[in-house]
>>> print(open('structure_4.txt').read())   # compact mmCIF, C-alpha atoms
# COMPACT_ATOMS: atom_id res chain seq x y z
CA MET A 1 -2.30 -120.39 90.31
CA SER A 2 -2.15 -121.33 86.61
CA GLU A 3 -3.99 -124.40 85.36
CA LYS A 4 -1.69 -127.19 84.25
CA LYS A 5 -2.33 -128.31 80.68
CA GLY A 6 -2.33 -131.97 79.78
CA PRO A 7 -0.86 -133.17 76.46
CA ILE A 8 -4.30 -133.65 74.86
CA LYS A 9 -5.43 -130.16 75.88
CA GLY A 10 -2.22 -128.69 74.47
CA ILE A 11 -2.76 -130.41 71.10
CA ARG A 12 -6.36 -129.20 70.93
CA ASP A 13 -5.31 -125.63 71.68
CA ARG A 14 -2.67 -125.80 68.95
CA ILE A 15 -5.19 -127.11 66.40
CA SER A 16 -7.65 -124.39 67.41
CA GLN A 17 -4.93 -121.75 67.00
CA LEU A 18 -4.06 -123.01 63.51
CA TRP A 19 -7.73 -123.22 62.53
CA ASN A 20 -8.36 -119.61 63.58
CA GLN A 21 -5.20 -118.47 61.81
CA TYR A 22 -6.45 -119.94 58.50
CA PRO A 23 -10.25 -119.50 58.65
CA ASN A 24 -10.82 -120.99 55.16
CA TRP A 25 -9.51 -124.41 56.15
CA GLY A 26 -12.17 -127.07 56.12
CA LYS A 27 -14.73 -124.95 54.31
CA ILE A 28 -16.36 -126.30 51.14
CA PRO A 29 -15.54 -123.96 48.22
CA GLN A 30 -18.50 -122.25 46.60
CA PHE A 31 -19.82 -123.42 43.24
CA LEU A 32 -18.48 -120.39 41.36
CA GLU A 33 -15.07 -120.52 43.03
CA LEU A 34 -14.60 -124.00 41.63
CA LEU A 35 -16.04 -123.07 38.25
CA GLU A 36 -13.83 -120.02 37.73
CA LYS A 37 -10.66 -121.65 39.06
CA GLY A 38 -7.90 -121.48 36.48
CA LEU A 39 -9.91 -119.62 33.82
CA ASP A 40 -7.96 -116.37 34.21
CA LYS A 41 -4.83 -118.28 33.26
CA GLU A 42 -6.38 -120.55 30.61
CA LEU A 43 -8.20 -117.74 28.78
CA PHE A 44 -5.63 -114.98 29.31
CA VAL A 45 -4.79 -112.95 26.19
CA ASP A 46 -1.79 -110.62 26.05
CA PRO A 47 -2.85 -107.69 23.80
CA ASP A 48 0.80 -106.72 23.23
CA LYS A 49 1.77 -110.16 21.96
CA LYS A 50 0.96 -110.92 18.34
CA GLU A 51 -0.73 -114.30 18.26
CA ILE A 52 -0.33 -116.43 15.14
CA PRO A 53 -3.86 -117.38 13.98
CA ILE A 54 -4.70 -121.05 13.53
CA PRO A 55 -4.83 -121.78 9.77
CA ILE A 56 -8.40 -122.20 8.51
CA GLU A 57 -7.60 -125.67 7.16
CA ASP A 58 -6.63 -126.84 10.67
CA LEU A 59 -9.90 -125.74 12.25
CA PRO A 60 -12.61 -128.36 12.78
CA VAL A 61 -15.23 -128.36 10.05
CA ASP A 62 -18.79 -128.25 11.29
CA GLU A 63 -21.22 -128.89 8.45
CA VAL A 64 -24.01 -127.10 10.31
CA LEU A 65 -22.07 -123.98 11.31
CA ARG A 66 -20.01 -123.50 8.15
CA LYS A 67 -23.07 -123.91 5.93
CA SER A 68 -25.42 -121.33 7.41
CA GLY A 69 -28.19 -120.46 4.97
CA PHE A 70 -28.03 -117.62 2.49
CA PHE A 71 -30.50 -115.43 4.41
CA ARG A 72 -28.64 -115.81 7.71
CA ASN A 73 -25.28 -115.01 6.12
CA PHE A 74 -26.86 -112.05 4.31
CA TYR A 75 -28.36 -110.80 7.58
CA GLU A 76 -24.96 -111.02 9.30
CA LYS A 77 -23.43 -108.93 6.50
CA LEU A 78 -26.28 -106.40 6.55
CA PHE A 79 -26.48 -106.16 10.37
CA PRO A 80 -22.98 -107.11 11.53
CA VAL A 81 -22.09 -107.61 15.18
CA SER A 82 -19.51 -104.93 15.91
CA HIS A 83 -18.36 -105.99 19.35
CA VAL A 84 -19.30 -107.66 22.61
CA PHE A 85 -18.73 -106.44 26.16
CA ARG A 86 -18.94 -108.23 29.46
CA ILE A 87 -21.37 -106.28 31.62
CA THR A 88 -21.18 -106.26 35.40
CA TYR A 89 -21.94 -103.87 38.29
CA ARG A 90 -19.44 -101.39 39.71
CA TYR A 91 -19.49 -97.82 41.05
CA ASP A 92 -23.24 -98.12 41.79
CA ARG A 93 -24.13 -98.68 38.14
CA GLU A 94 -23.67 -101.01 35.17
CA PHE A 95 -20.05 -101.37 34.07
CA LEU A 96 -18.69 -102.63 30.73
CA ASP A 97 -15.34 -104.41 30.42
CA ASN A 98 -13.55 -107.17 28.48
CA PHE A 99 -14.05 -105.55 25.08
CA MET A 100 -14.24 -108.14 22.27
CA PRO A 101 -14.04 -106.64 18.76
CA LEU A 102 -15.56 -108.61 15.88
CA SER A 103 -14.99 -108.17 12.17
CA GLN A 104 -17.62 -108.75 9.47
CA ASP A 105 -16.07 -112.09 8.56
CA GLY A 106 -15.91 -113.15 12.22
CA TYR A 107 -19.29 -114.91 12.04
CA ILE A 108 -18.66 -118.66 12.03
CA GLY A 109 -22.25 -119.82 12.28
CA ARG A 110 -25.03 -120.82 14.62
CA GLY A 111 -25.79 -123.75 16.87
CA SER A 112 -29.10 -124.66 18.47
CA TYR A 113 -28.72 -122.10 21.25
CA LYS A 114 -25.90 -119.74 20.28
CA PHE A 115 -24.35 -117.63 17.53
CA VAL A 116 -20.62 -118.23 17.16
CA TYR A 117 -18.05 -115.53 16.31
CA LYS A 118 -14.29 -115.78 15.94
CA LEU A 119 -12.28 -113.25 17.94
CA PRO A 120 -9.12 -111.57 16.54
CA TRP A 121 -7.10 -113.96 18.72
CA ASN A 122 -7.46 -117.76 18.86
CA GLN A 123 -10.72 -117.75 20.80
CA VAL A 124 -14.42 -117.61 20.04
CA VAL A 125 -17.29 -115.82 21.74
CA LYS A 126 -20.70 -117.49 21.68
CA ILE A 127 -23.74 -115.26 22.02
CA GLY A 128 -26.99 -116.71 23.36
CA LYS A 129 -29.92 -116.83 20.95
CA SER A 130 -33.36 -115.72 22.12
CA LYS A 131 -35.26 -118.76 23.39
CA LEU A 132 -38.76 -119.18 24.79
CA PRO A 133 -39.16 -120.45 28.37
CA SER A 134 -40.99 -123.47 26.89
CA ASP A 135 -37.75 -124.73 25.31
CA ALA A 136 -36.66 -128.17 26.51
CA ILE A 137 -33.41 -126.75 27.91
CA PHE A 138 -35.34 -125.03 30.70
CA GLY A 139 -36.25 -128.14 32.68
CA SER A 140 -35.56 -129.29 36.23
CA LEU A 141 -32.06 -127.77 36.33
CA PHE A 142 -33.49 -124.37 35.40
CA LYS A 143 -35.85 -124.67 38.39
CA GLU A 144 -32.89 -125.65 40.57
CA VAL A 145 -31.03 -122.51 39.51
CA GLY A 146 -34.10 -120.34 40.19
CA LYS A 147 -34.41 -121.61 43.77
CA ASP A 148 -31.03 -120.13 44.75
CA LEU A 149 -29.77 -117.88 41.97
CA SER A 150 -27.07 -116.31 44.16
CA ARG A 151 -25.31 -119.70 44.17
CA PHE A 152 -24.84 -119.55 40.39
CA LEU A 153 -24.18 -115.82 39.95
CA LYS A 154 -21.34 -113.69 41.23
CA PRO A 155 -22.32 -110.98 43.78
CA GLU A 156 -21.78 -108.23 41.22
CA GLU A 157 -24.04 -110.09 38.74
CA VAL A 158 -26.83 -110.26 41.35
CA GLU A 159 -26.36 -106.53 41.95
CA LEU A 160 -26.49 -105.89 38.19
CA GLN A 161 -29.70 -107.89 37.89
CA ASN A 162 -31.35 -105.87 40.67
CA PHE A 163 -30.05 -102.58 39.21
CA LEU A 164 -31.38 -103.32 35.71
CA LYS A 165 -34.79 -104.29 37.08
CA LYS A 166 -35.00 -100.98 38.94
CA GLN A 167 -34.40 -99.15 35.64
CA THR A 168 -37.74 -100.34 34.22
CA SER A 169 -41.31 -100.19 35.48
CA ARG A 170 -42.61 -102.88 33.10
CA ASP A 171 -43.16 -106.27 34.72
CA SER A 172 -42.58 -108.04 31.38
CA LYS A 173 -39.14 -106.42 31.10
CA LYS A 174 -38.28 -107.40 34.68
CA ASP A 175 -39.30 -110.99 33.93
CA GLU A 176 -37.12 -110.95 30.81
CA ILE A 177 -34.11 -109.76 32.85
CA ASP A 178 -34.74 -112.47 35.45
CA PHE A 179 -34.98 -115.09 32.72
CA LYS A 180 -31.67 -114.10 31.14
CA PHE A 181 -29.77 -114.19 34.43
CA LYS A 182 -31.28 -117.58 35.28
CA ARG A 183 -30.20 -118.83 31.87
CA LEU A 184 -26.65 -117.66 32.61
CA GLY A 185 -26.72 -119.68 35.82
CA LEU A 186 -28.15 -122.66 33.94
CA GLU A 187 -25.34 -122.62 31.37
CA ARG A 188 -22.82 -122.71 34.22
CA LEU A 189 -24.62 -125.61 35.88
CA HIS A 190 -24.73 -127.66 32.65
CA TYR A 191 -21.02 -127.03 32.17
CA TRP A 192 -20.21 -127.97 35.77
CA LYS A 193 -22.11 -131.27 35.52
CA LEU A 194 -19.44 -132.50 33.07
CA LYS A 195 -16.48 -130.41 34.22
CA SER A 196 -16.67 -131.88 37.72
CA LEU A 197 -16.67 -135.45 36.36
CA ILE A 198 -14.19 -135.30 33.45
CA PRO A 199 -12.36 -131.97 33.94
CA ASP A 200 -9.48 -132.70 31.56
CA LEU A 201 -11.81 -133.46 28.63
CA VAL A 202 -14.00 -130.33 28.85
CA VAL A 203 -12.83 -127.23 26.97
CA PRO A 204 -12.26 -124.30 29.40
CA THR A 205 -15.25 -121.95 29.13
CA ARG A 206 -16.10 -118.69 30.82
CA PHE A 207 -19.79 -117.76 31.06
CA PHE A 208 -20.78 -114.13 31.50
CA MET A 209 -23.60 -111.67 30.94
CA GLY A 210 -22.81 -109.91 27.70
CA MET A 211 -23.78 -106.73 25.91
CA ARG A 212 -23.90 -107.33 22.15
CA ILE A 213 -23.73 -104.39 19.73
CA ARG A 214 -25.13 -105.07 16.26
CA ASN A 215 -25.08 -102.23 13.70
CA ASN A 216 -27.76 -101.60 11.08
CA PRO A 217 -26.86 -100.51 7.50
CA PHE A 218 -26.91 -96.86 8.62
CA GLY A 219 -24.39 -97.51 11.40
CA ILE A 220 -26.95 -97.17 14.20
CA PRO A 221 -26.16 -99.66 16.97
CA ASN A 222 -28.72 -102.05 18.43
CA VAL A 223 -27.70 -103.15 21.95
CA THR A 224 -28.85 -106.46 23.44
CA LEU A 225 -28.32 -107.95 26.89
CA THR A 226 -27.68 -111.68 26.54
CA PRO A 227 -25.72 -114.54 28.18
CA CYS A 228 -22.43 -115.31 26.41
CA ASP A 229 -19.45 -117.58 26.80
CA GLN A 230 -15.82 -117.50 25.71
CA GLN A 231 -13.64 -120.46 24.70
CA PRO A 232 -10.25 -121.15 23.13
CA LEU A 233 -10.30 -122.04 19.44
CA LEU A 234 -8.71 -125.45 18.90
CA ALA A 235 -7.07 -127.02 15.88
CA GLY A 236 -8.41 -130.49 15.17
CA LYS A 237 -11.26 -132.53 13.71
CA HIS A 238 -14.85 -132.95 14.79
CA LEU A 239 -16.07 -136.49 15.25
CA LYS A 240 -18.41 -135.73 12.36
CA GLU A 241 -15.41 -135.44 10.03
CA PHE A 242 -14.71 -139.16 10.45
CA THR A 243 -18.22 -140.10 9.33
CA ILE A 244 -18.81 -142.13 6.16
CA ARG A 245 -22.31 -142.04 4.73
CA ASN A 246 -22.43 -145.30 2.85
CA GLU A 247 -25.43 -147.07 4.39
CA LYS A 248 -28.88 -145.52 4.01
CA LEU A 249 -31.50 -146.40 6.66
CA ASP A 250 -34.90 -147.77 5.63
CA GLN A 251 -37.63 -145.12 5.55
CA ASN A 252 -40.87 -144.63 3.70
CA PRO A 253 -40.33 -143.42 0.08
CA ILE A 254 -41.31 -139.79 0.79
CA MET A 255 -39.16 -139.36 3.94
CA GLY A 256 -36.31 -141.25 2.28
CA LYS A 257 -36.34 -138.78 -0.61
CA LEU A 258 -36.85 -135.55 1.34
CA PHE A 259 -35.14 -136.31 4.67
CA PRO A 260 -32.78 -139.28 4.19
CA LYS A 261 -31.10 -140.81 7.23
CA TRP A 262 -27.77 -142.61 7.17
CA LYS A 263 -26.11 -145.11 9.45
CA LEU A 264 -23.09 -143.49 11.06
CA ASN A 265 -20.03 -145.45 10.01
CA PHE A 266 -16.61 -144.07 10.91
CA ASP A 267 -13.20 -144.15 9.31
CA SER A 268 -10.51 -143.34 11.87
CA HIS A 269 -7.87 -143.62 9.11
CA ARG A 270 -8.73 -140.00 8.31
CA PHE A 271 -6.49 -139.15 11.25
CA GLY A 272 -3.58 -139.90 8.96
CA VAL A 273 -0.68 -141.85 10.45
CA ILE A 274 -1.18 -142.22 14.20
CA SER A 275 0.31 -144.62 16.71
CA LYS A 276 -1.80 -147.27 18.39
CA SER A 277 -0.91 -145.88 21.82
CA LYS A 278 -2.62 -142.58 20.93
CA LEU A 279 -5.66 -144.39 19.59
CA LYS A 280 -5.85 -146.37 22.84
CA LYS A 281 -5.70 -143.14 24.86
CA ILE A 282 -8.58 -141.67 22.82
CA ALA A 283 -10.54 -144.92 23.25
CA VAL A 284 -10.01 -144.84 27.03
CA ASP A 285 -11.20 -141.22 27.20
CA PHE A 286 -14.26 -142.06 25.11
CA ASN A 287 -15.09 -144.86 27.53
CA ARG A 288 -14.87 -142.32 30.37
CA VAL A 289 -17.44 -140.22 28.51
CA ILE A 290 -19.66 -143.30 28.19
CA GLU A 291 -19.44 -143.95 31.93
CA VAL A 292 -20.34 -140.34 32.72
CA THR A 293 -23.30 -140.52 30.30
CA LYS A 294 -24.54 -143.66 32.06
CA TYR A 295 -24.02 -142.12 35.50
CA LEU A 296 -26.02 -138.98 34.67
CA ALA A 297 -28.85 -141.05 33.16
CA GLU A 298 -29.05 -143.60 35.98
CA GLU A 299 -28.31 -141.44 39.02
CA GLU A 300 -29.63 -138.01 38.05
CA LYS A 301 -32.15 -138.86 35.30
CA LEU A 302 -30.35 -136.50 32.93
CA ILE A 303 -29.37 -137.09 29.31
CA PHE A 304 -25.93 -135.81 28.33
CA ASP A 305 -26.88 -134.53 24.88
CA ILE A 306 -23.61 -135.18 23.11
CA HIS A 307 -23.36 -135.18 19.32
CA ALA A 308 -20.61 -135.58 16.76
CA GLU A 309 -20.23 -131.79 16.50
CA ASN A 310 -19.63 -131.45 20.28
CA ILE A 311 -16.53 -133.67 20.20
CA ILE A 312 -13.14 -132.71 18.79
CA ILE A 313 -9.88 -134.63 18.41
CA THR A 314 -7.15 -131.99 18.71
CA LEU A 315 -4.15 -131.86 16.39
CA PRO A 316 -1.25 -132.45 16.66
CA ASP A 317 -1.77 -133.78 20.23
CA PHE A 318 -4.61 -136.20 19.38
CA GLU A 319 -6.55 -135.43 22.56
CA LEU A 320 -10.29 -135.76 23.07
CA LYS A 321 -12.13 -132.52 23.98
CA ILE A 322 -15.83 -131.79 24.53
CA PHE A 323 -17.60 -128.42 24.27
CA ASP A 324 -21.00 -126.73 23.76
CA PHE A 325 -23.01 -129.50 25.37
CA HIS A 326 -26.22 -129.46 27.38
CA VAL A 327 -27.99 -131.91 29.67
CA PHE A 328 -31.73 -132.49 29.47
CA ASP A 329 -34.32 -134.25 31.61
CA ASP A 330 -34.65 -137.88 30.52
CA TYR A 331 -38.46 -137.71 30.23
CA LEU A 332 -38.05 -135.42 27.22
CA TYR A 333 -36.59 -138.28 25.18
CA GLU A 334 -38.47 -141.16 23.62
CA PRO A 335 -36.46 -144.42 23.58
CA SER A 336 -35.75 -145.55 20.01
CA GLU A 337 -36.65 -148.95 18.63
CA GLU A 338 -33.00 -150.02 18.79
CA ASN A 339 -32.29 -148.81 22.34
CA PRO A 340 -34.48 -149.23 25.43
CA THR A 341 -33.06 -146.13 27.19
CA PRO A 342 -32.46 -142.73 25.52
CA GLU A 343 -28.83 -142.30 26.61
CA MET A 344 -27.89 -145.40 24.60
CA ASP A 345 -28.48 -143.50 21.34
CA HIS A 346 -25.58 -141.20 22.27
CA ILE A 347 -23.42 -143.99 23.66
CA GLN A 348 -23.87 -146.08 20.52
CA ILE A 349 -22.38 -143.34 18.34
CA ILE A 350 -19.24 -143.26 20.49
CA GLU A 351 -18.95 -147.06 20.53
CA GLU A 352 -19.19 -147.19 16.73
CA PHE A 353 -16.34 -144.70 16.48
CA ILE A 354 -14.17 -146.71 18.90
CA LYS A 355 -14.78 -149.86 16.81
CA SER A 356 -13.36 -148.08 13.77
CA PHE A 357 -9.98 -147.90 15.58
CA GLU A 358 -9.68 -151.66 15.00
CA LEU A 359 -8.04 -152.17 18.40
CA ASP A 360 -8.07 -155.50 20.20
>>> encode(input="structure_4.txt", output="structure tokens")
Amino acid sequence: MSEKKGPIKGIRDRISQLWNQYPNWGKIPQFLELLEKGLDKELFVDPDKKEIPIPIEDLPVDEVLRKSGFFRNFYEKLFPVSHVFRITYRYDREFLDNFMPLSQDGYIGRGSYKFVYKLPWNQVVKIGKSKLPSDAIFGSLFKEVGKDLSRFLKPEEVELQNFLKKQTSRDSKKDEIDFKFKRLGLERLHYWKLKSLIPDLVVPTRFFMGMRIRNNPFGIPNVTLTPCDQQPLLAGKHLKEFTIRNEKLDQNPIMGKLFPKWKLNFDSHRFGVISKSKLKKIAVDFNRVIEVTKYLAEEEKLIFDIHAENIIITLPDFELKIFDFHVFDDYLYEPSEENPTPEMDHIQIIEEFIKSFELD
């Protein structure tokens, strides 16, 4: 004799049937699934389609990158980077894909943590510089990554890490491999801290373990394993390009002569002719960045280390975009005389720029 189902039991059975039919329902997506979402589309390049390069005059001018010293520029000419691969693990061994060719004039410059190269299409690849574990970037978040590295690396990257360590018997080399893979995870975590809070303002970036090939004058390649990232190249202006140096700060005579400091005044009229509605949109987005900066400082004790060269106003859309940022532990910063908390130094720069819009 069959058991008679009540209406509640029937509903529960139906929900259970649907749940088992779609096993991913209700599950929290993994960190990397969220991070990689949309990047295949946003960074896709069709090799058969000729892409019109962005004119050099429309690219943002970074005074630090564009003015690399003579010796660095000479070194890049003498030992040019030929190409970069993404390295992963397939077929029970290391596997190279995503070939990125670089010409001798592809070197744009260097930041604090990366060398920057322009790709033949409208993107850049940024190659991690060698850093010591004592660097301030490797703080509490680096320890967080090290506690569960598989959360921040793809399965094939974990397999690659283990494979490469088996190829050497030297403990120092194994430690170096571990350090580089942890740094890759750290870069992703720094990016996610902002991407999860203000996703539309952060430039799409893919982080990967790279294999850089640099040739010596005799054409002999030198191969280096290093974390890299890939981004679209945008037309626009850095925040730095709106700076006017017309007010020198008081310093002692020697420092004032050798290392002068200037008050950052801004002139938003360098945009050219722009409607007030667009200026208001930029101002609103900047205020969102301020709120995120405050949140990270107050809730997570992290300083969003944003500078004028990490912010771009795109042209012709006049949209605010942020890239190449890091977050540091707040105890690494000393509050300045003007500001009681370290994050206010960064916030003040943004507020000064907003004031230059002359909005009500």
>>> closest_atom_pairs(input="structure_4.txt", of="segment 292-338 of chain A", to="segment 132-144 of chain A", cutoff="12 Å", atoms="all atoms listed in the file", output="tab-separated table")
residue	atom	partner	partner_atom	distance
A:Glu300	CA	A:Leu141	CA	10.7
A:Lys301	CA	A:Ser140	CA	10.2
A:Leu302	CA	A:Ser140	CA	9.5
A:Ile303	CA	A:Ile137	CA	11.2
A:Phe304	CA	A:Ile137	CA	11.8
A:Asp305	CA	A:Ile137	CA	10.6
A:Phe325	CA	A:Ile137	CA	11.1
A:His326	CA	A:Ile137	CA	7.7
A:Val327	CA	A:Ile137	CA	7.7
A:Phe328	CA	A:Ile137	CA	6.2
A:Asp329	CA	A:Gly139	CA	6.5
A:Asp330	CA	A:Gly139	CA	10.1
A:Tyr331	CA	A:Gly139	CA	10.1
A:Leu332	CA	A:Ala136	CA	7.4
A:Tyr333	CA	A:Ala136	CA	10.2
>>> closest_atom_pairs(input="structure_4.txt", of="segment 124-227 of chain A", to="segment 66-83 of chain A", cutoff="8 Å", atoms="all atoms listed in the file", output="CSV")
residue,atom,partner,partner_atom,distance
A:Arg212,CA,A:His83,CA,6.4
A:Ile213,CA,A:His83,CA,5.6
A:Arg214,CA,A:Val81,CA,4.1
A:Asn215,CA,A:Phe79,CA,5.3
A:Asn216,CA,A:Phe79,CA,4.8
A:Pro217,CA,A:Leu78,CA,6.0
>>> residues_around(input="structure_4.txt", residues="Leu279 of chain A", least_positions_apart="3", cutoff="9 Å", atoms="all atoms listed in the file", output="JSON, numbers by chain")
{"A": [274, 275, 276, 282, 283, 284, 318, 354, 357, 359]}
>>> closest_residue(input="structure_4.txt", among="A:Val61, A:Lys195, A:Phe181, A:Glu319", to="Lys154 of chain A", atoms="only C-alpha atoms")
A:Phe181
>>> residues_around(input="structure_4.txt", residues="segment 158-160 of chain A", least_positions_apart="6", cutoff="9 Å", atoms="all atoms listed in the file", output="PyMOL selection string")
chain A and resi 87-90+92-95+149-150+181
>>> atom_distance(input="structure_4.txt", atom1="atom CA of Leu234 of chain A", atom2="atom CA of Lys41 of chain A")
16.5 Å
>>> residues_around(input="structure_4.txt", residues="Glu51 of chain A", least_positions_apart="5", cutoff="10 Å", atoms="all atoms listed in the file", output="ChimeraX atom specification")
/A:45-46,120-122
>>> write_last_selection(input="structure_4.txt", atoms="C-alpha atoms", output="PDB file, in the coordinates of the input")
ATOM      1  CA  VAL A  45      -4.790-112.950  26.190  1.00  0.00           C
ATOM      2  CA  ASP A  46      -1.790-110.620  26.050  1.00  0.00           C
ATOM      3  CA  PRO A 120      -9.120-111.570  16.540  1.00  0.00           C
ATOM      4  CA  TRP A 121      -7.100-113.960  18.720  1.00  0.00           C
ATOM      5  CA  ASN A 122      -7.460-117.760  18.860  1.00  0.00           C
TER       6      ASN A 122
END
>>> atom_distance(input="structure_4.txt", atom1="atom CA of Pro60 of chain A", atom2="atom CA of Asn310 of chain A")
10.7 Å
>>> atom_distance(input="structure_4.txt", atom1="atom CA of Leu315 of chain A", atom2="atom CA of Thr293 of chain A")
25.2 Å
>>> axis_aligned_box(input="structure_4.txt", around="segment 168-185 of chain A", padding_each_side="3 Å", output="AutoDock Vina command-line options")
--center_x -34.9 --center_y -109.9 --center_z 33.3 --size_x 22.5 --size_y 25.5 --size_z 11.0
>>> residues_around(input="structure_4.txt", residues="Phe115 of chain A", least_positions_apart="6", cutoff="12 Å", atoms="only C-alpha atoms", output="PyMOL selection string")
chain A and resi 64-66+68+72-73+76+81+106-109+124-130+212+226-230+324
>>> closest_residue(input="structure_4.txt", among="A:Glu33, A:Gln161, A:Gly38, A:Leu119", to="Ser103 of chain A", atoms="all atoms listed in the file")
A:Leu119
>>> residues_near_point(input="structure_4.txt", point="(-6.4, -132.6, 29.7)", cutoff="9 Å", atoms="all atoms listed in the file", output="NGL selection string")
:A and (199-203 or 319-321)
>>> closest_residue(input="structure_4.txt", among="A:Ile322, A:Val145, A:Val292, A:Leu184", to="His307 of chain A", atoms="only C-alpha atoms")
A:Ile322
>>> residues_around(input="structure_4.txt", residues="Glu176 of chain A", least_positions_apart="2", cutoff="12 Å", atoms="all atoms listed in the file", output="mmCIF file with C-alpha atoms, in the coordinates of the input")
data_model
loop_
_atom_site.group_PDB
_atom_site.id
_atom_site.type_symbol
_atom_site.label_atom_id
_atom_site.label_comp_id
_atom_site.auth_asym_id
_atom_site.auth_seq_id
_atom_site.Cartn_x
_atom_site.Cartn_y
_atom_site.Cartn_z
ATOM 1 C CA SER A 130 -33.360 -115.720 22.120
ATOM 2 C CA LYS A 131 -35.260 -118.760 23.390
ATOM 3 C CA LEU A 132 -38.760 -119.180 24.790
ATOM 4 C CA PRO A 133 -39.160 -120.450 28.370
ATOM 5 C CA GLN A 161 -29.700 -107.890 37.890
ATOM 6 C CA LEU A 164 -31.380 -103.320 35.710
ATOM 7 C CA LYS A 165 -34.790 -104.290 37.080
ATOM 8 C CA THR A 168 -37.740 -100.340 34.220
ATOM 9 C CA ARG A 170 -42.610 -102.880 33.100
ATOM 10 C CA ASP A 171 -43.160 -106.270 34.720
ATOM 11 C CA SER A 172 -42.580 -108.040 31.380
ATOM 12 C CA LYS A 173 -39.140 -106.420 31.100
ATOM 13 C CA LYS A 174 -38.280 -107.400 34.680
ATOM 14 C CA ASP A 178 -34.740 -112.470 35.450
ATOM 15 C CA PHE A 179 -34.980 -115.090 32.720
ATOM 16 C CA LYS A 180 -31.670 -114.100 31.140
ATOM 17 C CA PHE A 181 -29.770 -114.190 34.430
ATOM 18 C CA LYS A 182 -31.280 -117.580 35.280
ATOM 19 C CA ARG A 183 -30.200 -118.830 31.870
ATOM 20 C CA THR A 224 -28.850 -106.460 23.440
ATOM 21 C CA LEU A 225 -28.320 -107.950 26.890
ATOM 22 C CA THR A 226 -27.680 -111.680 26.540
#
>>> residues_near_point(input="structure_4.txt", point="(-20.2, -142.8, 18.1)", cutoff="12 Å", atoms="only C-alpha atoms", output="JSON, numbers by chain")
{"A": [238, 239, 240, 241, 242, 243, 263, 264, 265, 266, 267, 268, 283, 286, 287, 289, 290, 306, 307, 308, 309, 310, 311, 344, 345, 346, 347, 348, 349, 350, 351, 352, 353, 354, 355, 356, 357]}
